[in-house]
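File shown here: protein_39.cif, holding mmCIF, C-alpha atoms and all ligand atoms.
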```cif
data_run
loop_
_atom_site.label_atom_id
_atom_site.label_comp_id
_atom_site.auth_asym_id
_atom_site.auth_seq_id
_atom_site.Cartn_x
_atom_site.Cartn_y
_atom_site.Cartn_z
CA MET A 1 102.69 110.03 90.72
CA GLY A 2 103.49 107.07 88.52
CA LYS A 3 102.57 103.74 89.98
CA GLU A 4 104.41 100.64 88.81
CA TYR A 5 102.94 97.16 88.69
CA LEU A 6 104.42 93.69 88.87
CA ILE A 7 102.05 90.97 87.71
CA ALA A 8 103.53 87.64 88.73
CA GLY A 9 102.37 84.07 88.23
CA ASN A 10 103.41 81.28 90.60
CA TRP A 11 102.83 78.05 88.70
CA LYS A 12 103.62 75.82 91.70
CA MET A 13 104.02 72.16 90.64
CA PHE A 14 102.34 72.54 87.27
CA LYS A 15 103.50 72.50 83.63
CA THR A 16 106.07 70.47 81.74
CA VAL A 17 108.93 72.10 79.84
CA ALA A 18 106.94 72.07 76.59
CA GLU A 19 103.84 73.51 78.26
CA SER A 20 105.90 76.22 79.94
CA ARG A 21 107.52 77.32 76.68
CA GLU A 22 104.17 77.32 74.91
CA PHE A 23 102.64 79.42 77.68
CA VAL A 24 105.39 82.06 77.62
CA GLN A 25 105.23 82.34 73.84
CA ALA A 26 101.44 82.62 73.86
CA LEU A 27 101.40 85.14 76.73
CA ALA A 28 103.97 87.34 74.99
CA LYS A 29 101.52 87.80 72.11
CA GLU A 30 98.81 89.04 74.47
CA PHE A 31 100.38 92.29 75.66
CA THR A 32 102.82 95.00 74.66
CA ALA A 33 105.53 96.43 76.87
CA PHE A 34 104.47 99.55 78.77
CA PRO A 35 106.41 101.80 81.15
CA GLY A 36 105.78 100.71 84.73
CA LEU A 37 104.58 97.22 83.81
CA GLU A 38 106.61 94.18 84.81
CA VAL A 39 105.47 90.62 84.18
CA ALA A 40 107.03 87.51 85.69
CA VAL A 41 106.21 83.82 85.84
CA PHE A 42 107.63 81.25 88.24
CA PRO A 43 107.76 77.88 86.46
CA PRO A 44 109.06 74.70 88.09
CA PHE A 45 112.86 74.30 88.21
CA THR A 46 112.83 71.94 85.23
CA ALA A 47 111.39 74.63 82.94
CA LEU A 48 113.56 77.58 84.00
CA ALA A 49 116.32 77.20 81.41
CA ALA A 50 113.83 76.58 78.61
CA THR A 51 111.79 79.70 79.36
CA HIS A 52 114.47 82.13 80.55
CA GLY A 53 115.06 84.83 77.96
CA LEU A 54 112.36 83.45 75.66
CA ASP A 55 110.65 86.85 75.60
CA PRO A 56 112.16 90.07 76.93
CA LYS A 57 108.78 91.19 78.37
CA ILE A 58 108.46 88.15 80.63
CA LYS A 59 110.82 87.62 83.53
CA ILE A 60 111.40 84.12 84.78
CA GLY A 61 111.62 83.35 88.48
CA ALA A 62 112.29 80.27 90.61
CA GLN A 63 109.87 79.12 93.31
CA ASN A 64 112.46 78.25 95.93
CA MET A 65 116.19 77.78 96.50
CA PHE A 66 118.65 76.60 99.14
CA PHE A 67 120.86 79.12 100.92
CA GLU A 68 124.23 77.44 100.39
CA GLU A 69 126.29 78.15 97.30
CA LYS A 70 127.31 74.51 96.72
CA GLY A 71 127.95 71.31 98.61
CA ALA A 72 126.56 67.91 99.56
CA PHE A 73 122.88 68.89 99.69
CA THR A 74 121.14 66.26 97.58
CA GLY A 75 118.13 67.57 95.74
CA GLU A 76 118.74 71.24 96.46
CA ILE A 77 119.36 74.13 94.05
CA SER A 78 121.69 77.01 94.92
CA PRO A 79 121.51 80.73 94.19
CA LEU A 80 124.68 80.39 92.12
CA MET A 81 122.90 77.88 89.85
CA LEU A 82 119.66 79.81 89.72
CA ARG A 83 121.36 82.98 88.67
CA GLU A 84 122.03 81.35 85.28
CA THR A 85 118.39 80.67 84.54
CA ALA A 86 116.25 82.94 86.70
CA ASP A 87 115.71 86.68 87.14
CA CYS A 88 114.28 86.44 90.65
CA VAL A 89 113.24 83.90 93.29
CA LEU A 90 110.28 83.31 95.61
CA ILE A 91 111.33 82.96 99.23
CA GLY A 92 109.20 81.62 102.07
CA HIS A 93 105.99 80.82 100.22
CA SER A 94 103.43 79.54 102.74
CA GLU A 95 103.43 76.12 101.04
CA ARG A 96 107.18 75.89 101.67
CA ARG A 97 106.64 76.91 105.26
CA GLU A 98 103.65 74.65 105.92
CA ILE A 99 104.35 71.53 103.83
CA PHE A 100 108.14 71.56 103.87
CA ALA A 101 108.65 72.96 107.37
CA GLU A 102 110.62 76.04 106.39
CA HIS A 103 111.13 78.28 109.38
CA ASP A 104 111.69 82.00 109.63
CA GLU A 105 115.42 81.33 110.13
CA ASP A 106 115.61 79.42 106.82
CA VAL A 107 113.68 82.19 105.12
CA ASN A 108 116.15 84.76 106.49
CA LYS A 109 119.17 82.74 105.29
CA LYS A 110 117.63 82.22 101.86
CA LEU A 111 116.74 85.88 101.50
CA LYS A 112 120.28 86.97 102.36
CA ALA A 113 121.79 84.36 100.03
CA ALA A 114 119.58 85.53 97.17
CA LEU A 115 120.70 89.12 97.74
CA GLN A 116 124.33 88.07 97.95
CA PHE A 117 124.03 86.43 94.53
CA ASN A 118 122.12 89.33 93.01
CA LEU A 119 118.94 87.33 92.60
CA PRO A 120 116.08 89.65 93.59
CA PRO A 121 113.92 87.85 96.16
CA VAL A 122 110.13 87.94 96.44
CA LEU A 123 109.50 87.40 100.14
CA CYS A 124 106.13 85.79 100.95
CA ILE A 125 104.38 86.40 104.26
CA GLY A 126 100.83 86.05 105.54
CA GLU A 127 98.61 84.91 108.38
CA THR A 128 96.51 81.79 108.89
CA LEU A 129 92.73 81.91 109.33
CA PRO A 130 92.86 81.37 113.12
CA GLU A 131 95.42 84.18 113.38
CA ARG A 132 93.15 86.52 111.41
CA GLU A 133 90.12 85.57 113.46
CA ALA A 134 92.04 86.19 116.66
CA GLY A 135 93.00 89.68 115.49
CA LYS A 136 96.65 88.72 115.15
CA THR A 137 97.16 89.49 111.47
CA LEU A 138 99.37 92.55 111.83
CA ALA A 139 101.39 91.02 114.66
CA LYS A 140 102.07 87.92 112.54
CA VAL A 141 103.04 89.96 109.51
CA ARG A 142 105.33 92.14 111.62
CA LEU A 143 107.06 89.12 113.13
CA GLN A 144 107.55 87.37 109.79
CA LEU A 145 108.89 90.51 108.20
CA GLU A 146 111.26 91.29 111.08
CA LYS A 147 112.65 87.76 111.16
CA ALA A 148 113.01 87.48 107.38
CA LEU A 149 114.76 90.83 107.07
CA GLN A 150 117.06 90.48 110.06
CA GLY A 151 120.57 91.55 109.10
CA VAL A 152 119.59 92.81 105.65
CA ALA A 153 121.38 96.07 104.79
CA ALA A 154 119.12 99.06 104.17
CA ALA A 155 120.86 99.51 100.81
CA ASP A 156 119.67 96.03 99.73
CA MET A 157 116.05 96.57 100.69
CA GLU A 158 115.12 98.01 97.32
CA LYS A 159 115.99 94.71 95.64
CA ILE A 160 113.33 92.93 97.67
CA THR A 161 109.67 92.53 96.74
CA VAL A 162 107.25 91.56 99.49
CA ALA A 163 104.21 89.41 98.73
CA TYR A 164 101.40 89.50 101.26
CA GLU A 165 99.50 86.23 100.89
CA PRO A 166 96.93 85.49 103.59
CA ILE A 167 97.02 81.69 103.85
CA TRP A 168 93.24 81.43 104.11
CA ALA A 169 92.95 83.07 100.69
CA ILE A 170 95.38 80.78 98.86
CA GLY A 171 93.67 78.32 96.55
CA THR A 172 90.38 78.76 98.39
CA GLY A 173 88.57 81.09 96.01
CA ARG A 174 88.18 83.41 98.98
CA ASN A 175 90.31 86.50 98.38
CA ALA A 176 90.96 89.24 100.92
CA THR A 177 88.67 92.17 100.23
CA PRO A 178 90.48 95.18 98.75
CA GLY A 179 90.04 96.91 102.12
CA GLN A 180 91.52 94.00 104.08
CA ALA A 181 94.45 93.76 101.68
CA GLN A 182 95.08 97.52 101.68
CA GLU A 183 95.10 97.63 105.49
CA VAL A 184 97.88 95.02 105.69
CA HIS A 185 99.78 96.48 102.72
CA HIS A 186 99.74 99.89 104.36
CA PHE A 187 101.08 98.37 107.56
CA ILE A 188 103.86 96.59 105.65
CA ARG A 189 104.65 99.79 103.74
CA GLN A 190 105.04 101.69 107.01
CA MET A 191 107.30 99.01 108.46
CA LEU A 192 109.49 98.99 105.35
CA GLN A 193 109.70 102.77 105.40
CA GLU A 194 110.97 102.64 108.96
CA MET A 195 113.54 99.98 108.08
CA ALA A 196 114.69 101.61 104.86
CA PRO A 197 113.52 105.22 104.62
CA GLY A 198 112.92 106.48 101.12
CA LYS A 199 113.39 103.09 99.41
CA LYS A 200 110.81 102.05 96.85
CA ILE A 201 109.70 98.50 97.63
CA LYS A 202 106.97 96.62 95.78
CA ILE A 203 104.30 94.90 97.84
CA LEU A 204 102.23 92.30 95.99
CA TYR A 205 98.94 90.78 97.06
CA GLY A 206 98.38 87.04 96.55
CA GLY A 207 95.48 84.72 97.32
CA SER A 208 92.71 83.80 94.88
CA VAL A 209 93.49 86.67 92.51
CA LYS A 210 91.39 86.39 89.36
CA PRO A 211 90.62 88.68 86.43
CA GLU A 212 87.33 89.64 88.15
CA ASN A 213 88.87 90.85 91.41
CA SER A 214 92.24 92.06 90.15
CA LEU A 215 91.25 95.60 89.19
CA GLU A 216 89.82 96.51 92.59
CA LEU A 217 92.91 95.07 94.29
CA LEU A 218 95.42 96.76 91.97
CA VAL A 219 93.77 100.14 92.40
CA GLN A 220 94.54 100.14 96.16
CA GLU A 221 97.19 102.67 97.10
CA ASP A 222 99.73 100.30 98.65
CA ILE A 223 99.23 97.35 96.31
CA SER A 224 101.95 97.32 93.68
CA GLY A 225 101.00 94.13 91.95
CA VAL A 226 99.70 90.61 92.40
CA LEU A 227 101.14 87.12 92.84
CA VAL A 228 98.70 84.83 91.09
CA GLY A 229 98.49 81.06 91.56
CA GLY A 230 95.65 79.18 89.86
CA ALA A 231 94.67 81.96 87.46
CA SER A 232 98.27 82.25 86.21
CA LEU A 233 98.08 78.79 84.63
CA LYS A 234 95.74 79.92 81.86
CA VAL A 235 96.98 82.43 79.30
CA ASP A 236 93.59 84.13 78.92
CA GLN A 237 93.10 84.63 82.64
CA PHE A 238 96.64 85.76 83.39
CA SER A 239 96.65 88.14 80.45
CA ALA A 240 93.28 89.58 81.56
CA ILE A 241 94.94 90.49 84.88
CA ILE A 242 97.85 92.08 82.99
CA GLN A 243 95.32 94.05 80.91
CA ASN A 244 93.80 95.42 84.12
CA ALA A 245 97.20 96.66 85.27
CA LEU A 246 97.71 98.26 81.86
CA LYS A 247 94.31 99.94 82.13
CA LEU A 248 95.39 101.56 85.40
CA LEU A 249 98.82 102.54 84.07
CA ARG A 250 97.26 104.20 81.00
CA ALA A 251 94.57 106.00 83.00
P1 LIG A 301 95.98 81.14 94.27
O1 LIG A 301 95.97 82.34 93.36
O2 LIG A 301 95.74 79.85 93.54
O3 LIG A 301 95.09 81.33 95.44
O4 LIG A 301 97.48 81.01 94.83
C1 LIG A 301 98.11 82.11 95.36
C2 LIG A 301 99.53 81.81 95.62
O5 LIG A 301 99.88 80.99 96.46
C3 LIG A 301 100.54 82.52 94.80
O6 LIG A 301 101.82 82.34 95.30
#
```

Show the structure stored in the file as structure tokens.
Amino acid sequence: MGKEYLIAGNWKMFKTVAESREFVQALAKEFTAFPGLEVAVFPPFTALAATHGLDPKIKIGAQNMFFEEKGAFTGEISPLMLRETADCVLIGHSERREIFAEHDEDVNKKLKAALQFNLPPVLCIGETLPEREAGKTLAKVRLQLEKALQGVAAADMEKITVAYEPIWAIGTGRNATPGQAQEVHHFIRQMLQEMAPGKKIKILYGGSVKPENSLELLVQEDISGVLVGGASLKVDQFSAIIQNALKLLRA
């Protein structure tokens, strides 16, 4: 049964336009297209237009968006605008939720707006350390998923990618073990199957993914890719993770 992988890099607030272009051009030289392999990077807004379409093997995504199409919303970017320069969009990253006070309701509106404008969303969910320690991981994930997907048509579910990112593993160097990640991914997979039977939905793991731990994560049954932060800023590290996905696809 052919597995497919999405290897995605969230650059957060790093890289100028010139650095972003250089990165995409250098990364493109590091791997060849292969059936089942998808690669995406999420540069800052300022670098989207300059990187979009630069190489057909590398999709370009935005890190956030507002849910309105247009209007007096100073500083915001709409799905209508993003559609011109992005192939997909991150929704509800934990840094958006924690630092910029995005609530589940905002996440739900953004997700539906992205779908309405044909911009495939990557929905980020995950528990805090106290929630994990209190045994509330699955309950938190269930709640976030239910709230984010409220009112989404089953037919649209296939356009969504879910990224499970335990907050305690983001930028900490402490990744979830493959077993911990697989347990939550399996739970998410089951929930998605109930909501949209038979639909194929990618579930990415994110949180301190590095070349050294990527293979053991990618090999897990319900992990269909990774969302990489820090290690996606260096061409050699990000391409080493891509090579691991290729290894598994060729096996
Ligand atoms: P790190 O890989 O730096 O832990 O970041 C993960 C992340 O937040 C990706 O969206």

Mind checking which residues fall within 9 Å of range 153-167 of chain A, counting only C-alpha atoms, ignoring those fewer than 2 positions away in the same chain, and posting them as an mmCIF file with C-alpha atoms, in the coordinates of the input?
```cif
data_model
loop_
_atom_site.group_PDB
_atom_site.id
_atom_site.type_symbol
_atom_site.label_atom_id
_atom_site.label_comp_id
_atom_site.auth_asym_id
_atom_site.auth_seq_id
_atom_site.Cartn_x
_atom_site.Cartn_y
_atom_site.Cartn_z
ATOM 1 C CA HIS A 93 105.990 80.820 100.220
ATOM 2 C CA SER A 94 103.430 79.540 102.740
ATOM 3 C CA GLU A 95 103.430 76.120 101.040
ATOM 4 C CA LEU A 111 116.740 85.880 101.500
ATOM 5 C CA LEU A 115 120.700 89.120 97.740
ATOM 6 C CA ASN A 118 122.120 89.330 93.010
ATOM 7 C CA LEU A 119 118.940 87.330 92.600
ATOM 8 C CA PRO A 120 116.080 89.650 93.590
ATOM 9 C CA PRO A 121 113.920 87.850 96.160
ATOM 10 C CA VAL A 122 110.130 87.940 96.440
ATOM 11 C CA LEU A 123 109.500 87.400 100.140
ATOM 12 C CA CYS A 124 106.130 85.790 100.950
ATOM 13 C CA ILE A 125 104.380 86.400 104.260
ATOM 14 C CA GLY A 126 100.830 86.050 105.540
ATOM 15 C CA GLU A 127 98.610 84.910 108.380
ATOM 16 C CA THR A 128 96.510 81.790 108.890
ATOM 17 C CA LEU A 129 92.730 81.910 109.330
ATOM 18 C CA ARG A 132 93.150 86.520 111.410
ATOM 19 C CA THR A 137 97.160 89.490 111.470
ATOM 20 C CA VAL A 141 103.040 89.960 109.510
ATOM 21 C CA LEU A 145 108.890 90.510 108.200
ATOM 22 C CA LEU A 149 114.760 90.830 107.070
ATOM 23 C CA GLN A 150 117.060 90.480 110.060
ATOM 24 C CA GLY A 151 120.570 91.550 109.100
ATOM 25 C CA ALA A 169 92.950 83.070 100.690
ATOM 26 C CA ILE A 170 95.380 80.780 98.860
ATOM 27 C CA GLY A 171 93.670 78.320 96.550
ATOM 28 C CA ASN A 175 90.310 86.500 98.380
ATOM 29 C CA ALA A 176 90.960 89.240 100.920
ATOM 30 C CA ALA A 181 94.450 93.760 101.680
ATOM 31 C CA VAL A 184 97.880 95.020 105.690
ATOM 32 C CA HIS A 185 99.780 96.480 102.720
ATOM 33 C CA ILE A 188 103.860 96.590 105.650
ATOM 34 C CA LEU A 192 109.490 98.990 105.350
ATOM 35 C CA MET A 195 113.540 99.980 108.080
ATOM 36 C CA ALA A 196 114.690 101.610 104.860
ATOM 37 C CA PRO A 197 113.520 105.220 104.620
ATOM 38 C CA LYS A 199 113.390 103.090 99.410
ATOM 39 C CA LYS A 200 110.810 102.050 96.850
ATOM 40 C CA ILE A 201 109.700 98.500 97.630
ATOM 41 C CA LYS A 202 106.970 96.620 95.780
ATOM 42 C CA ILE A 203 104.300 94.900 97.840
ATOM 43 C CA LEU A 204 102.230 92.300 95.990
ATOM 44 C CA TYR A 205 98.940 90.780 97.060
ATOM 45 C CA GLY A 206 98.380 87.040 96.550
ATOM 46 C CA GLY A 207 95.480 84.720 97.320
ATOM 47 C CA GLY A 225 101.000 94.130 91.950
ATOM 48 C CA VAL A 226 99.700 90.610 92.400
ATOM 49 C CA LEU A 227 101.140 87.120 92.840
#
```

May I have the centre and edge lengths, in Å to one decimal, of an axis-aligned box around the listed atoms of ligand LIG 301 (chain A) with 6 Å added to every side, as AutoDock Vina command-line options?
```
--center_x 98.5 --center_y 81.2 --center_z 94.9 --size_x 18.7 --size_y 14.7 --size_z 15.1
```

message: So that I can see what lies close to Gln237 in chain A, please list as a PyMOL selection string the residues with an atom at most 12 Å from it, counting only C-alpha atoms and leaving out residues fewer than 3 positions away in the same chain.
response: chain A and resi 9+23+27+30+209-214+228-234+240-244

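Distances to ligand LIG 301 (chain A) were evaluated for A:Phe45, A:Tyr5, A:Phe31, A:Trp11 using only C-alpha atoms and all ligand atoms, and the minimum falls at A:Trp11.
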
message: Using only C-alpha atoms - which residues lie no farther than 10 Å from the point (107.1, 86.8, 86.9) in the file's frame? Write them as a VMD selection string.
response: chain A and resid 6 to 11 38 to 43 57 to 62 86 to 90 226 to 228 232

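With all atoms listed in the file as the atoms that count, the residue of A:His103, A:Arg21, A:Arg96, A:Lys15 with the shortest distance to ligand LIG 301 (chain A) is A:Arg96.
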
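Distances to ligand LIG 301 (chain A) were evaluated for A:Gln144, A:Gln25, A:Gln180, A:Asn64 using all atoms listed in the file, and the minimum falls at A:Asn64.
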
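Among A:Ala113, A:Val219, A:Ala134, A:Leu246, the residue with the shortest atom-to-atom distance to Gly179 in chain A, counting only C-alpha atoms, is A:Val219.
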
task: Kindly give the distance, in Å, that separates atom O6 of ligand LIG 301 (chain A) and CA of Lys12 in chain A, rounded to a single decimal.
output: 7.7 Å

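Going from CA of Lys247 in chain A over to CA of Ile223 in chain A, you cover 15.2 Å.
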
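Picture a line from CA of Ala114 in chain A to CA of Val24 in chain A; it runs 24.4 Å.
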
field: Among listed residues A:Lys70, A:His186, A:Lys136, A:Arg174, nearest ligand LIG 301 (chain A) (using only C-alpha atoms and all ligand atoms)
entry: A:Arg174

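Between ligand LIG 301 (chain A) and the candidates A:Arg97, A:Lys112, A:Arg142, A:Lys3, the tightest atom-to-atom separation, counting only C-alpha atoms and all ligand atoms, involves A:Arg97.
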